[in-house]
file query10.cif (mmCIF, C-alpha atoms and all ligand atoms)
data_data
#
loop_
_atom_site.label_atom_id
_atom_site.label_comp_id
_atom_site.auth_asym_id
_atom_site.auth_seq_id
_atom_site.Cartn_x
_atom_site.Cartn_y
_atom_site.Cartn_z
CA MET A 27 160.34 202.19 165.45
CA PRO A 28 160.66 201.95 169.20
CA GLY A 29 161.32 198.84 171.17
CA LYS A 30 163.35 197.00 168.61
CA LYS A 31 166.56 196.48 170.42
CA PRO A 32 167.10 193.13 172.06
CA ALA A 33 168.09 194.72 175.32
CA ASP A 34 169.65 191.69 176.83
CA ARG A 35 170.74 188.96 174.61
CA ARG A 36 172.52 186.06 176.10
CA VAL A 37 173.20 183.49 173.55
CA ARG A 38 174.70 180.12 173.99
CA GLU A 39 175.24 178.97 170.48
CA ARG A 40 174.00 175.53 169.82
CA GLU A 41 174.37 173.41 166.79
CA PRO A 42 170.86 173.34 165.41
CA ARG A 43 169.56 169.85 165.63
CA GLU A 44 169.33 167.97 162.40
CA GLU A 45 165.88 166.75 163.00
CA LEU A 46 163.19 168.43 164.99
CA ALA A 47 160.57 166.78 167.07
CA PRO A 48 158.15 165.12 164.69
CA ALA A 49 155.22 167.15 163.53
CA ARG A 50 151.78 166.23 164.72
CA LYS A 51 149.91 163.52 162.91
CA PRO A 52 148.25 164.66 159.73
CA GLY A 53 144.59 165.44 159.95
CA ALA A 54 144.74 167.07 163.36
CA ALA A 55 142.67 170.18 163.74
CA PRO A 56 144.28 173.40 162.59
CA ALA A 57 145.53 176.09 164.87
CA ARG A 58 142.86 178.69 165.06
CA PRO A 59 143.44 182.36 165.23
CA ALA A 60 141.66 184.23 167.98
CA PRO A 61 137.91 183.88 167.71
CA ASP A 62 135.47 186.65 167.04
CA GLU A 63 138.01 189.09 165.81
CA GLU A 64 137.18 191.21 162.89
CA ALA A 65 139.88 192.00 160.45
CA PRO A 66 142.38 193.72 162.67
CA ALA A 67 143.03 197.37 162.11
CA GLU A 68 146.53 197.84 160.89
CA GLU A 69 147.44 201.05 162.58
CA GLU A 70 149.10 199.47 165.56
CA GLY A 71 151.05 196.69 163.95
CA PRO A 72 154.75 197.37 164.17
CA GLU A 73 156.19 197.32 160.68
CA ALA A 74 153.48 194.89 159.97
CA PRO A 75 153.09 193.41 156.58
CA LYS A 76 149.71 194.16 155.10
CA ASP A 77 146.65 192.01 154.93
CA GLU A 78 147.75 189.23 152.68
CA GLU A 79 150.34 188.03 155.15
CA ARG A 80 148.09 188.16 158.12
CA ALA A 81 146.67 185.10 159.82
CA PRO A 82 143.03 184.91 158.84
CA ALA A 83 140.15 185.53 161.16
CA THR A 84 138.22 182.49 162.36
CA GLY A 85 135.72 182.58 159.53
CA GLU A 86 138.46 182.08 157.01
CA ALA A 87 140.27 179.39 158.92
CA GLU A 88 138.34 176.49 157.43
CA GLU A 89 139.95 177.13 154.09
CA GLU A 90 143.40 176.78 155.46
CA GLU A 91 144.03 173.26 154.31
CA GLU A 92 147.75 173.71 153.82
CA GLU A 93 148.30 174.35 157.51
CA ARG A 94 146.69 171.19 158.69
CA GLU A 95 149.66 168.91 158.59
CA LEU A 96 151.58 170.81 161.16
CA ALA A 97 148.68 172.06 163.15
CA PRO A 98 147.97 171.17 166.75
CA GLU A 99 144.98 169.40 168.10
CA THR A 100 143.20 172.55 169.03
CA VAL A 101 140.23 171.66 171.12
CA GLN A 102 136.87 172.73 169.87
CA PRO A 103 134.47 171.21 172.34
CA GLU A 104 131.31 172.36 170.62
CA GLU A 105 132.06 170.57 167.39
CA ALA A 106 131.40 166.88 167.02
CA LYS A 107 134.74 165.38 166.13
CA PRO A 108 136.19 161.94 166.47
CA PRO A 109 138.39 161.74 169.54
CA PRO A 110 142.02 162.43 168.66
CA ALA A 111 144.41 159.53 168.67
CA PRO A 112 146.67 159.54 171.72
CA PRO A 113 150.09 161.04 171.06
CA PRO A 114 153.20 158.92 171.46
CA ARG A 115 153.81 158.32 175.11
CA ARG A 116 156.80 158.23 177.36
CA PRO A 117 156.68 155.44 179.94
CA ARG A 118 154.25 156.13 182.74
CA ASP A 119 155.67 157.14 186.07
CA VAL A 120 152.81 157.06 188.53
CA ALA A 121 155.12 156.89 191.55
CA GLY A 122 157.00 159.99 190.42
CA LEU A 123 153.85 162.03 189.92
CA ARG A 124 152.41 160.76 193.17
CA LYS A 125 155.25 162.48 195.03
CA GLY A 126 154.12 165.76 193.49
CA LEU A 127 150.52 165.05 194.44
CA ALA A 128 151.43 164.00 197.97
CA LYS A 129 148.99 166.44 199.60
CA VAL A 130 146.05 165.01 197.68
CA ARG A 131 146.84 161.62 199.15
CA GLU A 132 147.19 162.77 202.74
CA PRO A 133 144.22 162.08 205.07
CA GLU A 134 142.78 165.58 204.50
CA GLY A 135 143.28 165.43 200.75
CA LEU A 136 140.87 164.34 198.02
CA PHE A 137 142.18 160.80 197.81
CA GLY A 138 142.86 160.55 201.53
CA ARG A 139 139.28 161.46 202.43
CA LEU A 140 137.78 159.02 199.95
CA LYS A 141 140.06 156.32 201.26
CA ILE A 142 138.92 156.96 204.82
CA LEU A 143 135.28 156.97 203.70
CA PHE A 144 135.62 153.63 201.91
CA GLY A 145 137.98 152.11 204.45
CA GLY A 146 136.95 148.85 206.04
CA LYS A 147 133.55 148.85 204.33
CA LYS A 148 132.45 145.58 202.81
CA GLU A 149 129.50 147.20 201.17
CA ILE A 150 128.78 150.78 200.18
CA GLU A 151 125.33 152.04 201.15
CA PRO A 152 123.50 154.31 198.69
CA ALA A 153 123.65 157.14 201.25
CA VAL A 154 127.44 157.18 200.92
CA ALA A 155 126.98 158.88 197.55
CA GLU A 156 126.20 162.07 199.44
CA GLN A 157 129.47 161.84 201.30
CA ILE A 158 131.43 161.20 198.13
CA GLU A 159 129.72 164.22 196.62
CA GLU A 160 130.70 166.36 199.59
CA ILE A 161 134.35 165.31 199.26
CA LEU A 162 134.42 166.05 195.55
CA LEU A 163 132.70 169.41 195.92
CA THR A 164 135.12 170.53 198.60
CA SER A 165 138.08 169.38 196.52
CA ASP A 166 137.61 171.87 193.67
CA VAL A 167 135.95 169.35 191.41
CA GLY A 168 133.09 171.80 190.83
CA VAL A 169 129.35 171.16 190.78
CA LYS A 170 128.90 170.08 187.17
CA THR A 171 131.96 167.89 187.12
CA THR A 172 131.05 166.30 190.43
CA GLN A 173 127.68 165.33 188.99
CA ALA A 174 129.33 163.97 185.86
CA LEU A 175 131.80 161.97 187.89
CA LEU A 176 129.28 160.67 190.37
CA ALA A 177 126.20 159.97 188.22
CA GLU A 178 127.13 156.41 187.40
CA VAL A 179 128.15 155.60 190.98
CA ARG A 180 124.99 157.11 192.40
CA ASP A 181 122.81 155.27 189.95
CA GLY A 182 124.63 151.99 190.54
CA LEU A 183 124.34 152.32 194.30
CA GLU A 184 120.65 153.16 194.16
CA ARG A 185 119.89 150.16 192.02
CA ARG A 186 122.10 148.04 194.25
CA GLU A 187 124.08 146.99 191.21
CA LEU A 188 127.12 148.57 192.75
CA ARG A 189 127.97 147.57 196.28
CA GLU A 190 131.60 146.65 196.66
CA PRO A 191 134.05 149.45 197.45
CA ASP A 192 136.45 148.07 194.83
CA ARG A 193 133.90 148.52 192.09
CA VAL A 194 132.93 151.99 193.25
CA TRP A 195 136.61 153.00 193.11
CA GLU A 196 136.83 151.48 189.69
CA VAL A 197 133.90 153.47 188.35
CA LEU A 198 135.16 156.77 189.80
CA HIS A 199 138.59 156.09 188.40
CA ARG A 200 137.29 155.26 184.95
CA ARG A 201 134.98 158.27 184.82
CA ALA A 202 137.81 160.57 185.92
CA ILE A 203 140.02 159.28 183.11
CA GLU A 204 137.22 159.80 180.62
CA LEU A 205 136.83 163.39 181.77
CA VAL A 206 140.48 164.39 181.50
CA ARG A 207 141.50 162.37 178.45
CA LEU A 208 141.25 165.12 175.88
CA GLY A 209 144.26 164.17 173.80
CA GLY A 210 146.42 167.23 174.32
CA GLY A 211 149.92 165.84 174.69
CA PRO A 212 153.12 167.83 175.02
CA LEU A 213 154.11 170.72 172.72
CA ARG A 214 155.00 169.70 169.22
CA GLN A 215 157.14 171.30 166.59
CA HIS A 216 154.71 172.95 164.18
CA GLY A 217 157.34 174.29 161.88
CA LYS A 218 160.48 176.25 162.50
CA PRO A 219 160.18 178.27 164.58
CA THR A 220 157.20 177.12 166.58
CA VAL A 221 155.77 180.05 168.50
CA VAL A 222 154.03 179.40 171.81
CA LEU A 223 152.25 182.04 173.84
CA LEU A 224 151.76 181.61 177.58
CA VAL A 225 148.87 183.52 179.08
CA GLY A 226 147.22 183.67 182.47
CA VAL A 227 146.68 185.96 185.42
CA ASN A 228 149.57 187.16 187.57
CA GLY A 229 151.30 184.66 189.78
CA THR A 230 149.92 181.51 188.24
CA GLY A 231 153.38 180.46 187.05
CA LYS A 232 153.75 181.62 183.44
CA THR A 233 157.35 182.71 183.67
CA THR A 234 158.35 179.67 185.71
CA THR A 235 156.61 177.38 183.23
CA ILE A 236 158.45 179.07 180.37
CA GLY A 237 161.71 178.39 182.17
CA LYS A 238 160.74 174.76 182.63
CA LEU A 239 159.62 174.34 179.01
CA ALA A 240 162.82 176.00 177.82
CA THR A 241 164.81 173.56 179.94
CA LYS A 242 163.03 170.60 178.36
CA ALA A 243 163.55 171.94 174.84
CA ALA A 244 167.20 172.80 175.43
CA ASP A 245 167.75 169.29 176.79
CA GLN A 246 166.54 168.05 173.41
CA ASP A 247 169.06 170.35 171.71
CA ARG A 248 166.39 172.63 170.40
CA LYS A 249 167.27 176.27 170.01
CA VAL A 250 164.99 178.36 172.19
CA LEU A 251 164.17 182.06 172.28
CA LEU A 252 162.37 183.53 175.28
CA VAL A 253 160.38 186.68 174.67
CA ALA A 254 159.47 189.18 177.36
CA GLY A 255 155.98 190.18 176.39
CA ASP A 256 155.31 191.65 179.81
CA THR A 257 157.18 194.86 179.14
CA PHE A 258 155.77 197.03 181.89
CA ARG A 259 157.16 195.18 184.87
CA ALA A 260 160.93 195.31 185.09
CA ALA A 261 160.85 192.42 187.54
CA ALA A 262 159.03 190.27 185.00
CA VAL A 263 161.75 190.87 182.42
CA GLU A 264 164.49 190.19 184.94
CA GLN A 265 162.89 186.93 186.01
CA LEU A 266 162.84 185.77 182.41
CA GLN A 267 166.46 186.79 181.96
CA ILE A 268 167.45 184.69 184.94
CA TRP A 269 165.77 181.69 183.32
CA GLY A 270 167.52 182.51 180.03
CA GLU A 271 170.87 182.43 181.79
CA ARG A 272 170.04 179.23 183.58
CA VAL A 273 168.89 177.47 180.44
CA GLY A 274 171.48 179.09 178.20
CA CYS A 275 169.15 180.60 175.67
CA GLU A 276 168.55 184.02 174.24
CA VAL A 277 166.02 186.36 175.86
CA TYR A 278 164.42 189.00 173.68
CA CYS A 279 163.23 192.10 175.50
CA GLY A 280 161.97 195.38 174.23
CA GLN A 281 162.90 198.61 175.87
CA GLY A 282 161.02 199.24 179.10
CA GLY A 283 157.40 200.00 178.39
CA ALA A 284 157.62 199.09 174.70
CA ASP A 285 154.47 197.86 173.02
CA PRO A 286 154.43 194.11 173.78
CA ALA A 287 152.99 193.34 170.34
CA ALA A 288 155.92 195.18 168.73
CA VAL A 289 158.37 193.22 170.85
CA VAL A 290 156.74 189.94 169.87
CA PHE A 291 156.74 190.91 166.18
CA ASP A 292 160.45 191.69 166.23
CA ALA A 293 161.26 188.62 168.28
CA VAL A 294 159.45 186.26 165.92
CA LYS A 295 161.16 187.84 162.90
CA ARG A 296 164.47 187.39 164.65
CA ALA A 297 163.68 183.78 165.49
CA VAL A 298 163.01 183.10 161.81
CA GLU A 299 166.32 184.70 160.82
CA THR A 300 168.41 182.94 163.43
CA GLY A 301 167.04 179.43 163.05
CA VAL A 302 165.28 179.18 166.39
CA ASP A 303 163.19 176.04 166.96
CA LEU A 304 160.95 177.21 169.76
CA VAL A 305 159.82 180.71 170.71
CA LEU A 306 158.23 180.98 174.16
CA VAL A 307 156.39 184.25 174.71
CA ASP A 308 155.78 185.44 178.26
CA THR A 309 152.83 187.81 178.66
CA ALA A 310 151.40 190.11 181.29
CA GLY A 311 148.74 188.86 183.70
CA ARG A 312 147.55 192.28 184.65
CA LEU A 313 148.25 195.62 183.04
CA HIS A 314 149.48 198.81 184.55
CA THR A 315 147.85 200.83 181.83
CA LYS A 316 144.30 201.46 180.76
CA THR A 317 144.60 198.92 178.02
CA ASN A 318 142.47 195.86 178.44
CA LEU A 319 144.52 192.72 178.96
CA MET A 320 142.51 190.64 176.52
CA ASP A 321 142.81 193.33 173.84
CA GLU A 322 146.52 193.40 174.34
CA LEU A 323 146.79 189.63 174.12
CA LYS A 324 144.67 189.56 170.96
CA LYS A 325 146.94 192.15 169.45
CA ILE A 326 149.98 190.05 170.32
CA VAL A 327 148.31 187.09 168.60
CA ARG A 328 147.61 189.11 165.44
CA THR A 329 151.07 190.56 165.36
CA ALA A 330 152.76 187.21 165.83
CA GLY A 331 150.74 186.00 162.85
CA LYS A 332 151.98 188.90 160.78
CA ALA A 333 155.57 188.13 161.63
CA LEU A 334 155.13 184.44 160.82
CA ASP A 335 152.23 182.75 159.16
CA GLY A 336 150.44 180.43 161.58
CA ALA A 337 152.01 181.96 164.71
CA PRO A 338 151.28 181.64 167.54
CA HIS A 339 151.03 177.92 166.91
CA GLU A 340 149.87 177.27 170.42
CA THR A 341 148.45 179.39 173.22
CA LEU A 342 148.66 177.80 176.65
CA LEU A 343 146.68 179.09 179.59
CA VAL A 344 148.56 178.78 182.85
CA VAL A 345 146.29 178.11 185.80
CA ASP A 346 147.15 177.72 189.47
CA ALA A 347 145.61 174.54 190.89
CA THR A 348 145.27 176.14 194.30
CA ASN A 349 142.90 178.79 192.87
CA GLY A 350 139.87 176.50 192.88
CA GLN A 351 136.77 178.12 191.40
CA ASN A 352 138.80 181.14 190.32
CA ALA A 353 140.77 178.89 188.04
CA LEU A 354 137.55 177.92 186.29
CA GLN A 355 136.55 181.54 185.87
CA GLN A 356 139.95 182.40 184.46
CA ALA A 357 139.65 179.59 181.95
CA GLN A 358 136.28 180.97 180.89
CA MET A 359 137.60 184.49 180.51
CA PHE A 360 140.65 183.56 178.48
CA LYS A 361 138.76 181.04 176.41
CA GLU A 362 136.29 183.69 175.34
CA ALA A 363 139.05 186.01 174.18
CA LEU A 364 141.66 183.69 172.74
CA SER A 365 141.95 180.42 170.93
CA LEU A 366 143.54 178.28 173.63
CA SER A 367 145.26 175.06 172.78
CA GLY A 368 145.48 173.82 176.34
CA ILE A 369 146.17 174.32 179.99
CA VAL A 370 149.25 174.20 182.15
CA LEU A 371 148.09 173.41 185.65
CA THR A 372 150.67 174.58 188.17
CA LYS A 373 151.23 174.19 191.92
CA LEU A 374 149.55 170.81 192.21
CA ASP A 375 152.16 170.14 194.88
CA GLY A 376 150.54 172.89 196.95
CA THR A 377 146.99 171.61 197.14
CA ALA A 378 145.24 168.78 198.93
CA LYS A 379 142.21 169.23 196.70
CA GLY A 380 143.47 168.53 193.22
CA GLY A 381 140.05 168.65 191.56
CA THR A 382 140.86 171.63 189.33
CA ALA A 383 142.22 169.42 186.58
CA LEU A 384 139.00 167.45 186.42
CA ALA A 385 136.85 170.57 186.47
CA ILE A 386 138.75 172.49 183.80
CA CYS A 387 138.78 169.53 181.46
CA ALA A 388 135.13 168.66 181.99
CA GLU A 389 133.69 172.16 182.03
CA HIS A 390 135.83 173.82 179.40
CA GLY A 391 136.93 170.94 177.20
CA LEU A 392 140.46 172.25 177.43
CA PRO A 393 143.14 169.58 177.61
CA VAL A 394 145.71 169.82 180.37
CA ARG A 395 149.07 169.66 178.59
CA TYR A 396 151.47 169.91 181.52
CA VAL A 397 151.27 169.90 185.29
CA GLY A 398 153.57 171.80 187.60
CA VAL A 399 154.49 170.03 190.83
CA GLY A 400 157.21 172.30 192.17
CA GLU A 401 159.51 175.19 191.41
CA ARG A 402 162.47 173.33 189.98
CA PRO A 403 163.01 173.06 186.21
CA GLU A 404 162.29 169.34 186.31
CA ASP A 405 158.98 169.87 188.13
CA LEU A 406 156.96 170.25 184.95
CA ARG A 407 155.46 166.97 183.81
CA ASP A 408 153.77 166.03 180.58
CA PHE A 409 150.13 165.35 181.31
CA ASP A 410 148.92 161.84 180.73
CA ALA A 411 145.31 161.13 181.71
CA GLU A 412 145.86 157.60 183.00
CA GLU A 413 149.02 158.48 184.83
CA PHE A 414 147.41 161.51 186.41
CA VAL A 415 144.26 159.76 187.60
CA GLU A 416 146.24 156.77 188.82
CA ALA A 417 148.58 159.05 190.76
CA MET A 418 145.67 160.97 192.23
CA LEU A 419 142.97 158.35 192.79
CA GLY A 420 144.68 155.02 192.27
CA ARG A 421 144.97 152.82 195.29
CA ASP A 422 148.21 151.25 196.39
CA GLU A 423 148.61 147.66 195.37
CA GLN A 424 148.83 146.59 198.99
CA GLU A 425 145.51 148.21 199.77
CA GLN A 426 143.87 146.53 196.86
CA GLU A 427 145.22 143.17 197.88
CA ALA A 428 144.06 143.72 201.45
CA ALA A 429 140.59 144.58 200.20
CA ALA A 430 140.41 141.56 197.90
N1 LIG B 501 155.10 175.01 194.38
C1 LIG B 501 155.05 175.46 193.13
N2 LIG B 501 155.33 176.75 192.87
C2 LIG B 501 155.26 177.17 191.59
C3 LIG B 501 154.92 176.31 190.53
N3 LIG B 501 154.92 177.04 189.38
C4 LIG B 501 155.28 178.29 189.74
N4 LIG B 501 155.48 178.40 191.06
C5 LIG B 501 155.83 179.58 191.85
O1 LIG B 501 154.77 180.52 191.77
C6 LIG B 501 155.27 181.85 191.84
C7 LIG B 501 154.75 182.68 190.68
O2 LIG B 501 155.28 182.17 189.47
P1 LIG B 501 155.59 183.07 188.20
O3 LIG B 501 156.17 182.20 187.17
O4 LIG B 501 156.36 184.29 188.57
O5 LIG B 501 154.10 183.50 187.79
P2 LIG B 501 153.62 184.49 186.64
O6 LIG B 501 153.26 185.78 187.31
O7 LIG B 501 152.42 183.84 186.05
O8 LIG B 501 154.73 184.63 185.67
C8 LIG B 501 156.78 181.72 191.86
O9 LIG B 501 157.23 181.83 193.18
C9 LIG B 501 157.03 180.32 191.32
O10 LIG B 501 158.23 179.77 191.80
C10 LIG B 501 154.61 174.93 190.84
O11 LIG B 501 154.27 174.10 189.99
N5 LIG B 501 154.69 174.57 192.15
MG MG B 502 155.69 186.36 185.04
#

call {"tool": "encode", "arguments": {"input": "query10.cif", "output": "structure tokens"}}
result
Amino acid sequence: MPGKKPADRRVREREPREELAPARKPGAAPARPAPDEEAPAEEEGPEAPKDEERAPATGEAEEEEEERELAPETVQPEEAKPPPAPPPRRPRDVAGLRKGLAKVREPEGLFGRLKILFGGKKEIEPAVAEQIEEILLTSDVGVKTTQALLAEVRDGLERRELREPDRVWEVLHRRAIELVRLGGGPLRQHGKPTVVLLVGVNGTGKTTTIGKLATKAADQDRKVLLVAGDTFRAAAVEQLQIWGERVGCEVYCGQGGADPAAVVFDAVKRAVETGVDLVLVDTAGRLHTKTNLMDELKKIVRTAGKALDGAPHETLLVVDATNGQNALQQAQMFKEALSLSGIVLTKLDGTAKGGTALAICAEHGLPVRYVGVGERPEDLRDFDAEEFVEAMLGRDEQEQEAAA
């Protein structure tokens, strides 16, 4: 069997932690295997166990009661479900996040432009709705989401029930929170090991996010394994190895050009044997072969499930906030092929627009789980709807007092 050797293994032995991060609350929706897959053909599975060990196709997933306790809150926007309870929260740090979103708050940014528009006005005229719309549309909020965000303001202004700038801010703020509050929360331990797949097009920040997530997990004394599922680009493997060294965790790589699904299968097996808590799988964003990227990713998903029942427990789509409408299209494309459990929105420090988070949440029903606000390991922040909207659209206390 080719591609079985962990080419570069750098291990810093850690005492496995007694207790892992608590499992998700019971009753959360189960992790779903990739949608619309028929029973996968077995020919390509590396040393794959046969059918009975395989993760079921979507149609069978409803019967999987036993998995529910540890399963994530996979978002299924089409189904009517009660809103998930918010996960346990760390203290909010609006000021900290605001530093990362500094561009959004500059005069040419989303917040900055709204602030200028509202500035000094005692009363907002109905016609101002058009200007708010223009600002939202040019800030990557997207057409549908802009309408959703603005409907109540527009209506209120037209009826003259809404006149004061303070109240208009309030409504926008509240609607924005409602749009992005999808109850994702940070990664949870779904069992040992928990396998997480990161997908997304090239350059969005998958490998960097893996490094950041590994740093967080290692800081909590969790044993991490990084897996190089992008086997065709030597640079991709090297980049992951650098993160492995930095974090002090093992990196599992196949031989150059090995079948990524085979590498993932072996890596997950190894993680089970060596008591790893968290497996983070890096994947390709574009292929240098004729294989279709989505087919390859689906195969990785199937193979992970053969190596460990329920794996991958989460599949995160990494999206670059500076990509605007492209980010929305990427979400659509990946959502159609894979069962995504959420979004990592990167490079928010690099955009004055900032509307991508609102648009992805509102249009795709995918919860943002983390936001990237820089290249350092500590620049990955857990996403919290209130904190995010307050950091982006919240006014300074001084301003509010001045307006009162
Ligand atoms: N400013 C900024 N840069 C980022 C962030 N996340 C990733 N990057 C940078 O984006 C580039 C591409 O990231 P990489 O992880 O290689 O993307 P991949 O191709 O998806 O694996 C690198 O230069 C990263 O340092 C972020 O949140 N903010
Ligand atoms: Mg990469």

call {"tool": "atom_distance", "arguments": {"input": "query10.cif", "atom1": "CA of Leu371 in chain A", "atom2": "CA of Ala330 in chain A"}}
result
24.6 Å

call {"tool": "closest_residue", "arguments": {"input": "query10.cif", "among": "A:Gly226, A:Gly182, A:Gly231, A:Pro286", "to": "Lys325 in chain A", "atoms": "all atoms listed in the file"}}
result
A:Pro286

call {"tool": "residues_around", "arguments": {"input": "query10.cif", "residues": "range 169-176 of chain A", "least_positions_apart": "5", "cutoff": "10 Å", "atoms": "all atoms listed in the file", "output": "list in words"}}
result
Ala155, Glu156, Ile158, Glu159, Glu160, Ile161, Leu162, Leu163, Thr164, Asp181, Gly182, Val194, Val197, Leu198, His199, Arg200, Arg201, Ala202, Ile203, Glu204, Leu205, Gly381, Thr382, Leu384, Ala385, Ile386, Cys387, Ala388 and Glu389 of chain A

call {"tool": "atom_distance", "arguments": {"input": "query10.cif", "atom1": "CA of Asn349 in chain A", "atom2": "CA of Gly209 in chain A"}}
result
24.1 Å

call {"tool": "atom_distance", "arguments": {"input": "query10.cif", "atom1": "CA of Val222 in chain A", "atom2": "CA of Glu340 in chain A"}}
result
4.9 Å

call {"tool": "residues_around", "arguments": {"input": "query10.cif", "residues": "Leu224 in chain A", "least_positions_apart": "4", "cutoff": "9 Å", "atoms": "all atoms listed in the file", "output": "list in words"}}
result
Lys232, Thr233, Thr235, Ile236, Leu306, Val307, Asp308, Thr309, Glu340, Thr341, Leu342, Leu343 and Val344 of chain A

call {"tool": "axis_aligned_box", "arguments": {"input": "query10.cif", "around": "ligand LIG 501 (chain B)", "padding_each_side": "4 Å", "output": "lines of an AutoDock Vina configuration file"}}
result
center_x = 155.3
center_y = 179.9
center_z = 190.0
size_x = 13.8
size_y = 19.7
size_z = 16.7

call {"tool": "closest_residue", "arguments": {"input": "query10.cif", "among": "A:Thr230, A:Thr348, A:Thr241, A:Gln356", "to": "Asp375 in chain A", "atoms": "all atoms listed in the file"}}
result
A:Thr348

call {"tool": "residues_near_ligand", "arguments": {"input": "query10.cif", "ligand": "ligand LIG 501 (chain B)", "cutoff": "10 Å", "atoms": "only C-alpha atoms and all ligand atoms", "output": "PDB file with C-alpha atoms, in the frame of the given file"}}
result
ATOM      1  CA  GLY A 126     154.120 165.760 193.490  1.00  0.00           C
ATOM      2  CA  LEU A 224     151.760 181.610 177.580  1.00  0.00           C
ATOM      3  CA  VAL A 225     148.870 183.520 179.080  1.00  0.00           C
ATOM      4  CA  GLY A 226     147.220 183.670 182.470  1.00  0.00           C
ATOM      5  CA  VAL A 227     146.680 185.960 185.420  1.00  0.00           C
ATOM      6  CA  ASN A 228     149.570 187.160 187.570  1.00  0.00           C
ATOM      7  CA  GLY A 229     151.300 184.660 189.780  1.00  0.00           C
ATOM      8  CA  THR A 230     149.920 181.510 188.240  1.00  0.00           C
ATOM      9  CA  GLY A 231     153.380 180.460 187.050  1.00  0.00           C
ATOM     10  CA  LYS A 232     153.750 181.620 183.440  1.00  0.00           C
ATOM     11  CA  THR A 233     157.350 182.710 183.670  1.00  0.00           C
ATOM     12  CA  THR A 234     158.350 179.670 185.710  1.00  0.00           C
ATOM     13  CA  THR A 235     156.610 177.380 183.230  1.00  0.00           C
ATOM     14  CA  ILE A 236     158.450 179.070 180.370  1.00  0.00           C
ATOM     15  CA  GLY A 237     161.710 178.390 182.170  1.00  0.00           C
ATOM     16  CA  LYS A 238     160.740 174.760 182.630  1.00  0.00           C
ATOM     17  CA  ASP A 256     155.310 191.650 179.810  1.00  0.00           C
ATOM     18  CA  ALA A 261     160.850 192.420 187.540  1.00  0.00           C
ATOM     19  CA  ALA A 262     159.030 190.270 185.000  1.00  0.00           C
ATOM     20  CA  VAL A 263     161.750 190.870 182.420  1.00  0.00           C
ATOM     21  CA  GLN A 265     162.890 186.930 186.010  1.00  0.00           C
ATOM     22  CA  LEU A 266     162.840 185.770 182.410  1.00  0.00           C
ATOM     23  CA  ASP A 308     155.780 185.440 178.260  1.00  0.00           C
ATOM     24  CA  THR A 309     152.830 187.810 178.660  1.00  0.00           C
ATOM     25  CA  ALA A 310     151.400 190.110 181.290  1.00  0.00           C
ATOM     26  CA  GLY A 311     148.740 188.860 183.700  1.00  0.00           C
ATOM     27  CA  ARG A 312     147.550 192.280 184.650  1.00  0.00           C
ATOM     28  CA  LEU A 343     146.680 179.090 179.590  1.00  0.00           C
ATOM     29  CA  VAL A 344     148.560 178.780 182.850  1.00  0.00           C
ATOM     30  CA  VAL A 345     146.290 178.110 185.800  1.00  0.00           C
ATOM     31  CA  ASP A 346     147.150 177.720 189.470  1.00  0.00           C
ATOM     32  CA  ALA A 347     145.610 174.540 190.890  1.00  0.00           C
ATOM     33  CA  THR A 348     145.270 176.140 194.300  1.00  0.00           C
ATOM     34  CA  VAL A 370     149.250 174.200 182.150  1.00  0.00           C
ATOM     35  CA  LEU A 371     148.090 173.410 185.650  1.00  0.00           C
ATOM     36  CA  THR A 372     150.670 174.580 188.170  1.00  0.00           C
ATOM     37  CA  LYS A 373     151.230 174.190 191.920  1.00  0.00           C
ATOM     38  CA  LEU A 374     149.550 170.810 192.210  1.00  0.00           C
ATOM     39  CA  ASP A 375     152.160 170.140 194.880  1.00  0.00           C
ATOM     40  CA  GLY A 376     150.540 172.890 196.950  1.00  0.00           C
ATOM     41  CA  THR A 377     146.990 171.610 197.140  1.00  0.00           C
ATOM     42  CA  TYR A 396     151.470 169.910 181.520  1.00  0.00           C
ATOM     43  CA  VAL A 397     151.270 169.900 185.290  1.00  0.00           C
ATOM     44  CA  GLY A 398     153.570 171.800 187.600  1.00  0.00           C
ATOM     45  CA  VAL A 399     154.490 170.030 190.830  1.00  0.00           C
ATOM     46  CA  GLY A 400     157.210 172.300 192.170  1.00  0.00           C
ATOM     47  CA  GLU A 401     159.510 175.190 191.410  1.00  0.00           C
ATOM     48  CA  ARG A 402     162.470 173.330 189.980  1.00  0.00           C
ATOM     49  CA  PRO A 403     163.010 173.060 186.210  1.00  0.00           C
ATOM     50  CA  ASP A 405     158.980 169.870 188.130  1.00  0.00           C
ATOM     51  CA  LEU A 406     156.960 170.250 184.950  1.00  0.00           C
ATOM     52  CA  ARG A 407     155.460 166.970 183.810  1.00  0.00           C
TER      53      ARG A 407
END

call {"tool": "closest_residue", "arguments": {"input": "query10.cif", "among": "A:Arg395, A:Arg193, A:Lys249, A:Arg259", "to": "ligand MG 502 (chain B)", "atoms": "all atoms listed in the file"}}
result
A:Arg259

call {"tool": "residues_around", "arguments": {"input": "query10.cif", "residues": "Phe137 in chain A", "least_positions_apart": "3", "cutoff": "9 Å", "atoms": "all atoms listed in the file", "output": "PyMOL selection string"}}
result
chain A and resi 130-134+140-142+378-379+418-421

call {"tool": "closest_residue", "arguments": {"input": "query10.cif", "among": "A:Val253, A:Val206, A:Val120, A:Ala240", "to": "ligand MG 502 (chain B)", "atoms": "all atoms listed in the file"}}
result
A:Val253

call {"tool": "closest_residue", "arguments": {"input": "query10.cif", "among": "A:Gly146, A:Gly255, A:Pro212, A:Gly350", "to": "ligand MG 502 (chain B)", "atoms": "all atoms listed in the file"}}
result
A:Gly255

call {"tool": "closest_residue", "arguments": {"input": "query10.cif", "among": "A:Val167, A:Ala260, A:Val250, A:Ala244", "to": "ligand MG 502 (chain B)", "atoms": "all atoms listed in the file"}}
result
A:Ala260
